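data29.txt follows (compact mmCIF, C-alpha atoms and all ligand atoms):
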```txt
# COMPACT_ATOMS: atom_id res chain seq x y z
CA MET A 1 -8.01 4.15 -17.82
CA PHE A 2 -5.81 1.82 -15.87
CA SER A 3 -6.75 -1.68 -16.83
CA LEU A 4 -7.12 -4.12 -14.00
CA ALA A 5 -6.84 -6.89 -16.52
CA ALA A 6 -3.52 -5.53 -17.69
CA LEU A 7 -2.34 -5.20 -14.11
CA VAL A 8 -2.70 -8.87 -13.42
CA ALA A 9 -3.08 -10.52 -16.81
CA LEU A 10 0.47 -11.79 -17.11
CA GLY A 11 1.49 -14.65 -14.94
CA CYS A 12 4.58 -16.78 -14.66
CA ASP A 13 6.96 -16.28 -17.59
CA GLY A 14 4.52 -13.96 -19.22
CA GLU A 15 1.92 -16.70 -19.50
CA PRO A 16 -1.57 -15.25 -19.64
CA VAL A 17 -3.69 -15.79 -16.56
CA GLN A 18 -7.39 -16.25 -16.98
CA LEU A 19 -9.07 -13.09 -15.84
CA PRO A 20 -12.55 -12.11 -16.80
CA GLU A 21 -12.52 -8.86 -18.72
CA ARG A 22 -15.21 -6.67 -17.27
CA PRO A 23 -16.20 -3.15 -17.99
CA LEU A 24 -15.40 -0.74 -15.20
CA PRO A 25 -18.14 1.88 -15.39
CA MET A 26 -17.47 5.13 -13.61
CA ALA A 27 -20.99 6.12 -12.76
CA GLU A 28 -22.64 3.19 -11.09
CA THR A 29 -25.75 4.14 -9.21
CA ASP A 30 -25.98 1.19 -6.87
CA GLY A 31 -24.94 1.39 -3.26
CA PRO A 32 -25.92 3.87 -0.60
CA PRO A 33 -25.99 7.57 -1.34
CA ASP A 34 -22.98 9.68 -0.55
CA PRO A 35 -23.28 10.91 3.01
CA PRO A 36 -23.28 14.65 3.49
CA THR A 37 -19.87 16.22 3.92
CA ASP A 38 -18.45 19.54 4.89
CA SER A 39 -16.13 19.90 1.99
CA GLY A 40 -15.79 23.64 2.45
CA PRO A 41 -12.40 25.20 1.99
CA ALA A 42 -12.25 26.69 5.53
CA ASP A 43 -9.14 25.30 7.16
CA SER A 44 -8.81 22.39 4.80
CA GLY A 45 -6.67 24.40 2.36
CA PRO A 46 -6.43 22.11 -0.64
CA VAL A 47 -3.14 22.65 -2.41
CA ASP A 48 -3.89 24.35 -5.71
CA HIS A 49 -0.44 24.28 -7.23
CA GLY A 50 1.29 21.31 -8.73
CA PRO A 51 4.14 19.36 -7.23
CA ARG A 52 7.66 20.39 -8.01
CA LEU A 53 10.68 18.22 -8.45
CA ALA A 54 13.04 18.49 -5.56
CA ASP A 55 15.78 21.08 -5.94
CA THR A 56 18.34 18.73 -4.48
CA PRO A 57 19.67 16.30 -7.07
CA ALA A 58 18.76 12.71 -6.29
CA GLU A 59 21.67 10.42 -5.72
CA GLU A 60 22.03 6.64 -5.78
CA VAL A 61 23.98 5.77 -2.66
CA PRO A 62 26.67 3.09 -2.79
CA ARG A 63 26.72 0.25 -0.31
CA PRO A 64 28.48 1.56 2.83
CA ALA A 65 32.04 0.40 3.38
CA THR A 66 31.04 -0.69 6.87
CA CYS A 67 28.67 -3.34 5.50
CA GLY A 68 29.90 -6.81 6.31
CA ASP A 69 31.59 -5.98 9.60
CA GLY A 70 28.68 -7.52 11.49
CA VAL A 71 27.78 -4.31 13.28
CA ALA A 72 24.48 -2.62 12.40
CA GLU A 73 25.23 1.10 12.51
CA PRO A 74 22.61 3.87 12.24
CA GLY A 75 22.33 5.12 8.67
CA GLU A 76 23.77 1.95 7.22
CA PHE A 77 21.81 -0.01 4.61
CA CYS A 78 23.41 -3.29 3.55
CA PRO A 79 21.01 -5.18 1.29
CA ALA A 80 21.67 -8.84 0.61
CA PRO A 81 20.54 -10.47 -2.65
CA PRO A 82 16.79 -11.20 -2.82
CA GLU A 83 15.84 -14.70 -1.75
CA PRO A 84 12.46 -16.25 -2.52
CA LEU A 85 10.35 -17.57 0.33
CA SER A 86 9.26 -21.17 -0.14
CA GLY A 87 6.06 -21.87 -2.00
CA ARG A 88 4.46 -20.26 -5.00
CA VAL A 89 1.94 -17.50 -4.71
CA GLN A 90 0.81 -15.04 -7.35
CA ALA A 91 1.55 -12.33 -4.86
CA THR A 92 -0.17 -8.96 -4.96
CA ARG A 93 0.47 -7.86 -1.37
CA VAL A 94 2.73 -8.94 1.48
CA LEU A 95 2.51 -8.10 5.19
CA ALA A 96 4.80 -8.80 8.16
CA LEU A 97 2.80 -9.20 11.37
CA ASP A 98 2.83 -11.25 14.55
CA TRP A 99 -0.04 -13.67 13.99
CA SER A 100 0.33 -15.98 16.91
CA GLY A 101 1.20 -13.45 19.62
CA ASP A 102 4.63 -14.99 20.25
CA ARG A 103 6.37 -11.66 19.55
CA ARG A 104 7.95 -12.98 16.39
CA LEU A 105 6.89 -11.52 13.09
CA ASP A 106 5.27 -13.81 10.56
CA VAL A 107 4.72 -13.12 6.87
CA LEU A 108 1.49 -13.20 4.92
CA ALA A 109 0.88 -12.76 1.21
CA THR A 110 -2.27 -12.69 -0.81
CA GLY A 111 -2.21 -14.51 -4.14
CA PHE A 112 -4.30 -13.52 -7.11
CA GLU A 113 -4.89 -17.19 -7.92
CA GLY A 114 -7.20 -17.24 -4.90
CA ILE A 115 -5.09 -18.04 -1.87
CA VAL A 116 -3.45 -16.44 1.13
CA ARG A 117 -0.13 -17.94 2.16
CA LEU A 118 1.18 -17.60 5.71
CA TRP A 119 4.77 -18.20 6.79
CA ARG A 120 5.22 -18.60 10.52
CA GLN A 121 8.51 -17.71 12.16
CA THR A 122 10.04 -20.42 14.26
CA PRO A 123 11.98 -19.83 17.50
CA GLN A 124 15.09 -20.51 15.37
CA ARG A 125 14.11 -17.43 13.33
CA ARG A 126 13.21 -19.34 10.21
CA LEU A 127 10.13 -18.61 8.15
CA LEU A 128 8.19 -21.83 7.72
CA GLU A 129 5.49 -22.15 5.13
CA ASP A 130 2.33 -22.78 7.05
CA THR A 131 -1.30 -22.04 6.43
CA VAL A 132 -2.76 -21.71 2.97
CA LEU A 133 -6.20 -20.18 2.97
CA GLU A 134 -8.29 -20.61 -0.11
CA ALA A 135 -11.17 -18.58 -1.42
CA PRO A 136 -13.04 -18.52 -4.70
CA LEU A 137 -12.08 -15.01 -5.60
CA GLU A 138 -9.16 -13.14 -7.07
CA PRO A 139 -7.80 -11.18 -4.13
CA ILE A 140 -5.99 -8.01 -5.12
CA ASP A 141 -5.29 -6.79 -1.59
CA LEU A 142 -5.59 -7.84 2.04
CA ALA A 143 -5.60 -6.29 5.48
CA ALA A 144 -5.19 -7.70 8.96
CA GLY A 145 -7.25 -6.69 11.95
CA ASP A 146 -9.19 -7.96 14.92
CA PHE A 147 -12.63 -7.76 13.40
CA ASP A 148 -14.52 -9.62 16.13
CA GLY A 149 -12.64 -8.26 19.14
CA ASP A 150 -11.40 -11.61 20.46
CA GLY A 151 -7.76 -10.45 20.58
CA ASP A 152 -6.58 -12.40 17.54
CA LEU A 153 -5.83 -10.95 14.14
CA ASP A 154 -8.16 -11.91 11.33
CA ILE A 155 -7.58 -11.50 7.60
CA ALA A 156 -9.75 -9.55 5.19
CA ARG A 157 -9.19 -9.58 1.45
CA VAL A 158 -10.98 -8.12 -1.51
CA GLY A 159 -11.43 -9.67 -4.93
CA VAL A 160 -11.32 -7.35 -7.87
CA GLY A 161 -12.70 -9.83 -10.39
CA ASP A 162 -15.78 -11.00 -8.55
CA ARG A 163 -16.09 -7.85 -6.44
CA GLY A 164 -16.25 -9.50 -3.08
CA LEU A 165 -14.97 -9.28 0.48
CA TRP A 166 -13.80 -12.35 2.37
CA ILE A 167 -12.83 -12.52 6.04
CA ASP A 168 -10.90 -15.42 7.53
CA TRP A 169 -11.48 -15.50 11.28
CA GLN A 170 -8.55 -16.60 13.41
CA ARG A 171 -9.50 -19.19 16.00
CA ALA A 172 -7.44 -21.25 18.44
CA ASP A 173 -7.20 -24.09 15.94
CA GLY A 174 -6.57 -22.04 12.80
CA PHE A 175 -8.65 -19.92 10.51
CA THR A 176 -12.36 -20.22 9.87
CA PRO A 177 -13.44 -18.78 6.54
CA GLY A 178 -16.39 -16.47 6.63
CA PRO A 179 -18.93 -16.16 3.87
CA GLU A 180 -18.02 -14.13 0.82
CA ARG A 181 -19.77 -10.79 0.80
CA ALA A 182 -20.56 -9.14 -2.49
CA LEU A 183 -19.32 -5.56 -2.67
CA PRO A 184 -20.80 -2.80 -4.77
CA GLY A 185 -18.43 -1.14 -7.21
CA THR A 186 -14.95 -2.48 -7.82
CA PRO A 187 -12.76 -3.04 -4.76
CA PHE A 188 -9.08 -2.43 -5.26
CA GLY A 189 -7.22 -1.65 -2.04
CA ILE A 190 -8.29 -2.47 1.51
CA ALA A 191 -7.26 -1.10 4.92
CA ALA A 192 -8.22 -2.01 8.49
CA GLY A 193 -8.55 0.03 11.67
CA ASP A 194 -11.04 0.83 14.42
CA LEU A 195 -13.04 3.70 12.96
CA ASP A 196 -15.76 3.89 15.62
CA GLY A 197 -13.79 3.09 18.77
CA ASP A 198 -15.71 -0.06 19.71
CA GLY A 199 -12.56 -2.18 19.98
CA ARG A 200 -13.23 -4.06 16.78
CA ASP A 201 -11.33 -3.19 13.63
CA ASP A 202 -13.36 -1.94 10.70
CA LEU A 203 -12.59 -1.95 6.99
CA ALA A 204 -12.22 0.65 4.30
CA VAL A 205 -12.01 -0.33 0.65
CA ALA A 206 -10.90 1.80 -2.30
CA ASP A 207 -13.74 1.56 -4.80
CA PHE A 208 -12.19 1.90 -8.24
CA SER A 209 -15.37 2.16 -10.28
CA ARG A 210 -17.55 4.31 -8.00
CA GLY A 211 -14.82 6.76 -7.08
CA GLY A 212 -14.97 6.43 -3.34
CA MET A 213 -14.07 4.70 -0.14
CA THR A 214 -16.41 1.92 0.93
CA VAL A 215 -16.49 1.77 4.73
CA LEU A 216 -17.61 -1.44 6.42
CA LEU A 217 -18.04 -1.20 10.19
CA ALA A 218 -17.84 -4.37 12.26
CA ALA A 219 -20.64 -2.95 14.40
CA ASP A 220 -22.87 -2.77 11.31
CA ASP A 221 -22.07 -6.34 10.29
CA PHE A 222 -19.83 -4.91 7.54
CA GLU A 223 -22.66 -3.21 5.71
CA PRO A 224 -20.97 -1.21 2.92
CA ARG A 225 -21.33 2.56 2.88
CA LEU A 226 -19.71 4.74 0.24
CA TRP A 227 -17.85 7.98 0.91
CA ARG A 228 -16.81 9.81 -2.21
CA THR A 229 -13.16 10.49 -2.93
CA GLY A 230 -11.82 11.05 -6.47
CA VAL A 231 -11.50 9.30 -9.78
CA GLU A 232 -10.42 5.66 -9.86
CA PRO A 233 -9.12 5.09 -6.33
CA HIS A 234 -6.39 2.47 -6.10
CA GLY A 235 -4.60 2.58 -2.76
CA ILE A 236 -6.13 3.24 0.65
CA THR A 237 -4.64 3.68 4.11
CA LEU A 238 -6.12 4.57 7.50
CA ARG A 239 -4.04 6.99 9.60
CA ASP A 240 -4.79 9.76 12.07
CA VAL A 241 -3.63 12.55 9.80
CA ASP A 242 -4.85 15.58 11.79
CA GLY A 243 -3.96 14.22 15.22
CA ASP A 244 -7.46 14.33 16.72
CA GLY A 245 -7.26 10.70 17.78
CA HIS A 246 -9.57 9.44 15.04
CA LEU A 247 -8.41 7.46 12.05
CA ASP A 248 -8.72 9.22 8.71
CA GLY A 249 -8.98 7.72 5.23
CA LEU A 250 -6.17 8.37 2.72
CA VAL A 251 -7.07 7.46 -0.84
CA ALA A 252 -4.87 7.61 -3.97
CA ASN A 253 -7.08 8.48 -6.92
CA ALA A 254 -5.16 7.33 -9.99
CA GLY A 255 -7.47 9.38 -12.15
CA ARG A 256 -8.42 7.34 -15.19
CA HIS A 257 -5.03 7.84 -16.75
CA GLN A 258 -5.58 11.57 -17.00
CA ALA A 259 -3.18 13.89 -15.23
CA ASP A 260 -5.91 16.46 -14.54
CA ARG A 261 -8.16 13.97 -12.79
CA ASP A 262 -5.79 12.39 -10.33
CA ASP A 263 -5.11 13.41 -6.75
CA VAL A 264 -5.07 12.22 -3.17
CA THR A 265 -8.15 12.52 -0.97
CA VAL A 266 -8.05 12.66 2.81
CA ARG A 267 -11.39 12.06 4.52
CA PHE A 268 -11.33 12.96 8.20
CA GLY A 269 -12.85 10.41 10.55
CA ASP A 270 -15.29 11.56 13.22
CA GLY A 271 -14.45 8.66 15.54
CA ALA A 272 -17.96 7.24 15.19
CA GLY A 273 -17.49 5.52 11.83
CA GLY A 274 -18.36 8.58 9.76
CA PHE A 275 -16.30 11.30 8.10
CA ASP A 276 -16.78 15.01 8.68
CA GLY A 277 -14.41 16.67 6.27
CA ARG A 278 -12.24 16.11 3.25
CA ILE A 279 -9.38 17.63 1.34
CA GLU A 280 -7.93 16.94 -2.08
CA LEU A 281 -4.19 17.18 -2.54
CA THR A 282 -2.22 17.59 -5.76
CA VAL A 283 0.51 15.01 -6.26
CA GLY A 284 2.37 13.62 -9.29
CA ASN A 285 0.62 11.78 -12.10
CA GLY A 286 -1.36 8.62 -11.54
CA PRO A 287 -0.97 8.08 -7.78
CA PHE A 288 -1.46 4.42 -6.93
CA TRP A 289 -0.75 4.51 -3.23
CA VAL A 290 -0.54 6.94 -0.32
CA ASP A 291 0.52 6.63 3.30
CA GLY A 292 1.26 8.94 6.19
CA ALA A 293 3.81 9.26 9.01
CA ASP A 294 5.77 12.04 10.68
CA LEU A 295 8.76 12.38 8.38
CA ASP A 296 10.36 15.55 9.77
CA GLY A 297 9.90 15.01 13.48
CA ASP A 298 7.56 17.94 14.17
CA GLY A 299 4.83 15.65 15.48
CA ILE A 300 2.53 16.28 12.50
CA VAL A 301 1.75 13.54 10.02
CA ASP A 302 3.20 14.01 6.55
CA LEU A 303 2.01 12.21 3.43
CA VAL A 304 3.78 10.26 0.69
CA ALA A 305 2.15 9.19 -2.59
CA ALA A 306 3.57 6.74 -5.14
CA ASN A 307 3.07 8.16 -8.63
CA TYR A 308 2.80 5.62 -11.40
CA GLY A 309 2.51 8.19 -14.22
CA THR A 310 0.09 8.74 -17.08
CA PRO A 311 0.48 7.41 -20.63
CA ALA A 312 2.29 9.70 -23.03
CA GLY A 313 3.55 8.53 -26.40
CA ALA A 314 5.31 5.21 -25.98
CA GLY A 315 5.80 5.66 -22.26
CA TYR A 316 4.51 7.51 -19.23
CA GLU A 317 4.94 11.01 -17.87
CA GLY A 318 4.69 12.65 -14.48
CA GLY A 319 5.35 9.40 -12.66
CA ASP A 320 8.30 7.35 -11.40
CA THR A 321 8.29 9.52 -8.31
CA VAL A 322 6.97 9.82 -4.81
CA SER A 323 5.27 13.06 -3.79
CA VAL A 324 6.07 14.16 -0.25
CA LEU A 325 3.60 16.57 1.39
CA ARG A 326 4.65 17.99 4.74
CA GLY A 327 1.83 18.39 7.21
CA LEU A 328 1.44 21.96 8.49
CA GLY A 329 -1.19 21.20 11.11
CA GLY A 330 -4.85 22.13 10.97
CA ARG A 331 -5.50 19.77 8.08
CA ARG A 332 -3.16 21.80 5.85
CA PHE A 333 -0.27 20.52 3.80
CA ALA A 334 2.64 22.14 2.02
CA ALA A 335 2.85 21.69 -1.74
CA ALA A 336 4.18 18.33 -2.84
CA VAL A 337 7.86 17.82 -3.50
CA ASP A 338 8.62 14.93 -5.83
CA TRP A 339 11.56 12.56 -5.52
CA PRO A 340 12.56 9.99 -8.15
CA THR A 341 11.92 6.26 -7.68
CA GLY A 342 12.25 3.29 -10.00
CA ASN A 343 9.93 2.69 -12.91
CA GLY A 344 6.19 2.88 -12.23
CA PRO A 345 5.74 2.59 -8.44
CA THR A 346 2.40 1.01 -7.47
CA HIS A 347 2.84 0.67 -3.71
CA LEU A 348 4.92 2.06 -0.87
CA VAL A 349 5.55 1.53 2.81
CA LEU A 350 7.06 3.83 5.43
CA ALA A 351 9.66 2.44 7.83
CA ASP A 352 13.04 3.40 9.28
CA VAL A 353 14.98 1.09 6.97
CA ASP A 354 18.47 2.32 7.94
CA ARG A 355 17.66 2.66 11.65
CA ASP A 356 18.86 6.25 11.95
CA GLY A 357 15.69 7.43 13.68
CA ASP A 358 13.69 8.83 10.76
CA VAL A 359 11.05 7.21 8.57
CA ASP A 360 12.18 6.15 5.10
CA VAL A 361 10.13 5.20 2.04
CA VAL A 362 10.19 1.88 0.17
CA THR A 363 8.44 1.63 -3.19
CA ALA A 364 7.39 -1.37 -5.28
CA ASP A 365 8.36 -0.38 -8.82
CA ARG A 366 5.93 -2.32 -10.90
CA GLY A 367 6.95 -0.66 -14.15
CA ASP A 368 4.90 -0.78 -17.29
CA PHE A 369 1.76 -2.91 -17.32
CA ASP A 370 2.99 -4.38 -20.57
CA PHE A 371 5.27 -7.25 -19.67
CA GLY A 372 7.68 -6.74 -22.57
CA ALA A 373 7.90 -3.01 -22.02
CA ARG A 374 8.42 -3.56 -18.32
CA VAL A 375 11.40 -5.79 -18.93
CA ALA A 376 12.79 -3.42 -21.56
CA ARG A 377 12.45 -0.38 -19.35
CA GLY A 378 13.73 -2.09 -16.24
CA GLY A 379 10.72 -2.12 -13.98
CA SER A 380 11.70 -4.92 -11.65
CA THR A 381 13.01 -3.01 -8.68
CA ALA A 382 12.21 -1.81 -5.22
CA THR A 383 13.53 1.60 -4.23
CA VAL A 384 14.53 2.71 -0.75
CA LEU A 385 14.41 6.51 -0.35
CA PHE A 386 16.35 7.62 2.70
CA ASN A 387 14.99 10.44 4.81
CA ASP A 388 17.48 13.20 5.66
CA GLY A 389 15.47 13.89 8.81
CA ALA A 390 13.68 16.87 7.29
CA ALA A 391 11.47 14.93 4.83
CA GLY A 392 14.06 15.24 2.07
CA PHE A 393 14.76 12.07 0.07
CA ALA A 394 17.70 12.86 -2.21
CA ARG A 395 19.48 9.63 -1.35
CA ARG A 396 18.14 6.35 -2.59
CA SER A 397 19.10 2.75 -3.10
CA THR A 398 17.71 0.60 -5.90
CA ILE A 399 17.18 -3.10 -5.32
CA ALA A 400 16.99 -5.31 -8.42
CA LEU A 401 14.36 -8.05 -8.19
CA PRO A 402 13.87 -11.13 -10.40
CA ALA A 403 10.33 -9.97 -11.21
CA ALA A 404 8.33 -6.79 -10.95
CA PRO A 405 6.81 -6.22 -7.49
CA LEU A 406 3.24 -5.11 -6.90
CA GLY A 407 3.63 -4.68 -3.15
CA VAL A 408 6.34 -4.31 -0.52
CA ALA A 409 6.70 -4.60 3.25
CA ALA A 410 9.56 -3.50 5.50
CA ALA A 411 10.19 -4.76 9.03
CA ASP A 412 12.82 -6.41 11.18
CA VAL A 413 11.24 -9.79 10.48
CA ASN A 414 13.87 -12.00 12.05
CA GLY A 415 14.67 -9.69 14.95
CA ASP A 416 18.36 -9.28 14.14
CA GLY A 417 18.23 -5.51 14.54
CA SER A 418 18.13 -4.62 10.84
CA VAL A 419 15.08 -4.06 8.67
CA GLU A 420 14.27 -6.52 5.90
CA ILE A 421 12.27 -5.75 2.78
CA LEU A 422 9.68 -8.14 1.38
CA ALA A 423 8.46 -7.90 -2.19
CA ALA A 424 5.27 -9.44 -3.62
CA CYS A 425 5.94 -10.42 -7.22
CA LEU A 426 2.91 -11.49 -9.17
CA ASP A 427 4.72 -12.31 -12.40
CA ASP A 428 6.89 -15.13 -11.12
CA TRP A 429 4.62 -16.22 -8.25
CA ARG A 430 7.09 -15.42 -5.51
CA VAL A 431 7.59 -13.39 -2.38
CA TYR A 432 11.19 -12.20 -2.09
CA ARG A 433 13.01 -11.30 1.07
CA ILE A 434 15.85 -8.82 0.99
CA GLY A 435 17.79 -9.14 4.21
CA GLN A 436 20.69 -7.02 5.36
CA ALA A 437 24.31 -7.99 5.95
CA PRO A 438 25.46 -5.24 8.30
CA CA B 1 -14.87 -0.76 15.18
CA CA B 2 -8.05 12.12 12.52
CA CA B 3 5.72 16.14 10.14
CA CA B 4 15.87 6.33 8.30
```

Would you write the structure of this file as structure tokens?
Amino acid sequence: MFSLAALVALGCDGEPVQLPERPLPMAETDGPPDPPTDSGPADSGPVDHGPRLADTPAEEVPRPATCGDGVAEPGEFCPAPPEPLSGRVQATRVLALDWSGDRRLDVLATGFEGIVRLWRQTPQRRLLEDTVLEAPLEPIDLAAGDFDGDGDLDIARVGVGDRGLWIDWQRADGFTPGPERALPGTPFGIAAGDLDGDGRDDLAVADFSRGGMTVLLAADDFEPRLWRTGVEPHGITLRDVDGDGHLDGLVANAGRHQADRDDVTVRFGDGAGGFDGRIELTVGNGPFWVDGADLDGDGIVDLVAANYGTPAGAGYEGGDTVSVLRGLGGRRFAAAVDWPTGNGPTHLVLADVDRDGDVDVVTADRGDFDFGARVARGGSTATVLFNDGAAGFARRSTIALPAAPLGVAAADVNGDGSVEILAACLDDWRVYRIGQAP
């Protein structure tokens, strides 16, 4: 199985980080029972054939000749060298969001050493290291949402080691830490969104050990309730996949390092905090993350999964790709088409990186869990896969990073009209910013 310890056990310069080694049982019986579902095949049409590699050869695109002329043109991607943000953080995830409501994006990263670091953007468009929130847990992921409905974003993070949830409530004078809540199972990824339409954001957590999605509604005082997905969920995202106005849960089931046990689950939200249907979708091997957006402009949400791969011999097979599944409407999806990425992607985000009007994909290529192997196989990159407008991703750009990223973000952080990429690098305790020089 994927080892959480291996995922995070190497810190700065390969120095071991203290992480309690705990068994990750698959069949825990604690927690609420699985709510009834209508998992019938009806219109859900699970894809029963494997993904295929794209017919179009993938191509690394050179830096456009028009880079450096100071004009940001559609379709142009002009990455500058990665620059570290100030301050150390054993970063597992990074987000770009407007925290203070001043219409400038700020940056937030969760650190496995037990902190959250916030950089606020000044009116001069500089990112200034600001708040450091501490918590006695090892946060593996975080999400932002307005969990109490007061109009300000709060921060929720989950700890994989001590299996807890922590919410920092944003108040006028800063953040007020809430009590740590023990979570059943083993939380891995976390996502926020209003699942029951009461105006307060709710939480959904990928439960690695129980094989499900733990939903915590603000209205229920964040009482955990498990909804089954697949084997060893890693990444989780909330999107309205079927266009009924209710958020749905997308879960990447990495599948215990077995290619026949991994897939993506979509659980369809009923708008009242429950889920009334599910589908399983075949993707590449060992999916770590999944997200959804309309990639081909037909108004239907399409899905993208980041496939880490499964162990085979000295390396991995069936990974180093993203699987793209075009939505057909009616909760149906076309078979996955796989496009190459860098080595061992563990996370992805969807954003129009080259500003040509279609949504592109950015992956965090974590590479091998083994630090030495990762360096040897070149796993310290982020990959931008450019959409051709029809959900084809033959063109890509590889960004070399000083350390292997676990998470990425993409947004026009400084408001200069071009999208920047942020990379959370656990190994060297840094968040890197890749700007553009159009
Ligand atoms: Ca809610
Ligand atoms: Ca929906
Ligand atoms: Ca679409
Ligand atoms: Ca684009």

Select from chain A every residue with an atom at most 8 Å from any atom of ligand CA 1 (chain B), then for each give the shortest pair of atoms and their distance in Å to one decimal, using all atoms listed in the file, rows by chain and rising number, as a tab-separated table.
```
residue	atom	partner	partner_atom	distance
A:Phe147	CA	B:CA1	CA	7.6
A:Gly193	CA	B:CA1	CA	7.3
A:Asp194	CA	B:CA1	CA	4.2
A:Leu195	CA	B:CA1	CA	5.3
A:Asp196	CA	B:CA1	CA	4.8
A:Gly197	CA	B:CA1	CA	5.4
A:Asp198	CA	B:CA1	CA	4.7
A:Gly199	CA	B:CA1	CA	5.5
A:Arg200	CA	B:CA1	CA	4.0
A:Asp201	CA	B:CA1	CA	4.6
A:Asp202	CA	B:CA1	CA	4.9
A:Leu217	CA	B:CA1	CA	5.9
A:Ala218	CA	B:CA1	CA	5.5
A:Ala219	CA	B:CA1	CA	6.2
A:Gly273	CA	B:CA1	CA	7.6
```

What's around Phe288 (chain A) at 10 Å? Count only C-alpha atoms, leave out sequence neighbours fewer than 3 positions away in its own chain, and write the answer as number ranges by chain. A: 189, 232-236, 251-255, 262-264, 285, 305-309, 344-348

Expected answer as JSON, numbers by chain: residues within 12 Å of ligand CA 2 (chain B), only C-alpha atoms and all ligand atoms: {"A": [194, 195, 196, 238, 239, 240, 241, 242, 243, 244, 245, 246, 247, 248, 249, 250, 266, 267, 268, 269, 270, 271, 272, 273, 274, 275, 276, 277, 278, 292, 300, 301, 329, 330, 331]}

Per residue of region 109-142 of chain A within 9 Å of region 71-92 of chain A, what are the shortest atom pair and its distance in Å to one decimal, counting only C-alpha atoms, with rows by chain and residue number, as a Markdown table?
```
| residue | atom | partner | partner_atom | distance |
| --- | --- | --- | --- | --- |
| A:Ala109 | CA | A:Ala91 | CA | 6.1 |
| A:Thr110 | CA | A:Ala91 | CA | 5.6 |
| A:Gly111 | CA | A:Ala91 | CA | 4.4 |
| A:Phe112 | CA | A:Gln90 | CA | 5.3 |
| A:Glu113 | CA | A:Gln90 | CA | 6.1 |
| A:Gly114 | CA | A:Gln90 | CA | 8.7 |
| A:Ile115 | CA | A:Val89 | CA | 7.6 |
| A:Val116 | CA | A:Val89 | CA | 8.0 |
| A:Arg117 | CA | A:Val89 | CA | 7.2 |
| A:Trp119 | CA | A:Leu85 | CA | 8.6 |
| A:Leu127 | CA | A:Leu85 | CA | 7.9 |
| A:Leu128 | CA | A:Ser86 | CA | 8.0 |
| A:Glu129 | CA | A:Ser86 | CA | 6.6 |
| A:Pro139 | CA | A:Thr92 | CA | 8.0 |
| A:Ile140 | CA | A:Thr92 | CA | 5.9 |
| A:Asp141 | CA | A:Thr92 | CA | 6.5 |
| A:Leu142 | CA | A:Thr92 | CA | 8.9 |
```

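Atom pair CA of Gly185 (chain A) / CA of Leu303 (chain A) has a distance of 26.6 Å (rounded to one decimal).
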
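Selecting all polymer residues at most 10 Å from ligand CA 3 (chain B), using all atoms listed in the file, gives Gly292, Ala293, Asp294, Leu295, Asp296, Gly297, Asp298, Gly299, Ile300, Val301, Asp302, Leu303, Leu325, Arg326, Gly327, Leu328, Gly329, Phe333, Ala390 and Ala391 of chain A.
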
Using all atoms listed in the file, what table do you get, as a Markdown table, when you list each residue of chain A with an atom no more than 10 Å from ligand CA 4 (chain B), its nearest pair of atoms, and their distance in Å rounded to one decimal, rows by chain then rising number?
```
| residue | atom | partner | partner_atom | distance |
| --- | --- | --- | --- | --- |
| A:Pro74 | CA | B:CA4 | CA | 8.2 |
| A:Gly75 | CA | B:CA4 | CA | 6.6 |
| A:Glu76 | CA | B:CA4 | CA | 9.1 |
| A:Phe77 | CA | B:CA4 | CA | 9.4 |
| A:Leu295 | CA | B:CA4 | CA | 9.3 |
| A:Leu350 | CA | B:CA4 | CA | 9.6 |
| A:Ala351 | CA | B:CA4 | CA | 7.3 |
| A:Asp352 | CA | B:CA4 | CA | 4.2 |
| A:Val353 | CA | B:CA4 | CA | 5.5 |
| A:Asp354 | CA | B:CA4 | CA | 4.8 |
| A:Arg355 | CA | B:CA4 | CA | 5.3 |
| A:Asp356 | CA | B:CA4 | CA | 4.7 |
| A:Gly357 | CA | B:CA4 | CA | 5.5 |
| A:Asp358 | CA | B:CA4 | CA | 4.1 |
| A:Val359 | CA | B:CA4 | CA | 4.9 |
| A:Asp360 | CA | B:CA4 | CA | 4.9 |
| A:Val361 | CA | B:CA4 | CA | 8.6 |
| A:Val384 | CA | B:CA4 | CA | 9.8 |
| A:Leu385 | CA | B:CA4 | CA | 8.8 |
| A:Phe386 | CA | B:CA4 | CA | 5.8 |
| A:Asn387 | CA | B:CA4 | CA | 5.5 |
| A:Asp388 | CA | B:CA4 | CA | 7.5 |
| A:Gly389 | CA | B:CA4 | CA | 7.6 |
```

In Å, rounded to a single decimal, give me how far CA of Trp166 (chain A) is from CA of Asp150 (chain A). 18.3 Å

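Distances to Asp162 (chain A) were evaluated for A:Leu118, A:Met213, A:Leu183, A:Ala143 using only C-alpha atoms, and the minimum falls at A:Leu183.
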
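Nearest-residue note for Ala335 (chain A): choosing from A:Cys67, A:Leu53, A:Leu105, A:Arg157, the minimum distance belongs to A:Leu53, counting all atoms listed in the file.
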
Between CA of Thr282 (chain A) and CA of Gly212 (chain A), measure the distance and give it in Å to one decimal. 17.1 Å

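Residues surrounding region 95-104 of chain A within 7 Å are Ala109, Gln121, Leu153, Ala409, Ala411 and Val413 of chain A [all atoms listed in the file; sequence separation below 5 positions excluded].
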
Check the smallest atom-to-atom distance from each of A:Pro62, A:Pro438, A:Gly70, A:Gly161 to Phe208 (chain A) using all atoms listed in the file, then report the winner. A:Gly161

Counting all atoms listed in the file, which residues come within 6 Å of (8.6, -9.7, -13.7), with the point read in the file's coordinates, and could you list them as a ChimeraX atom specification? /A:403-404,427
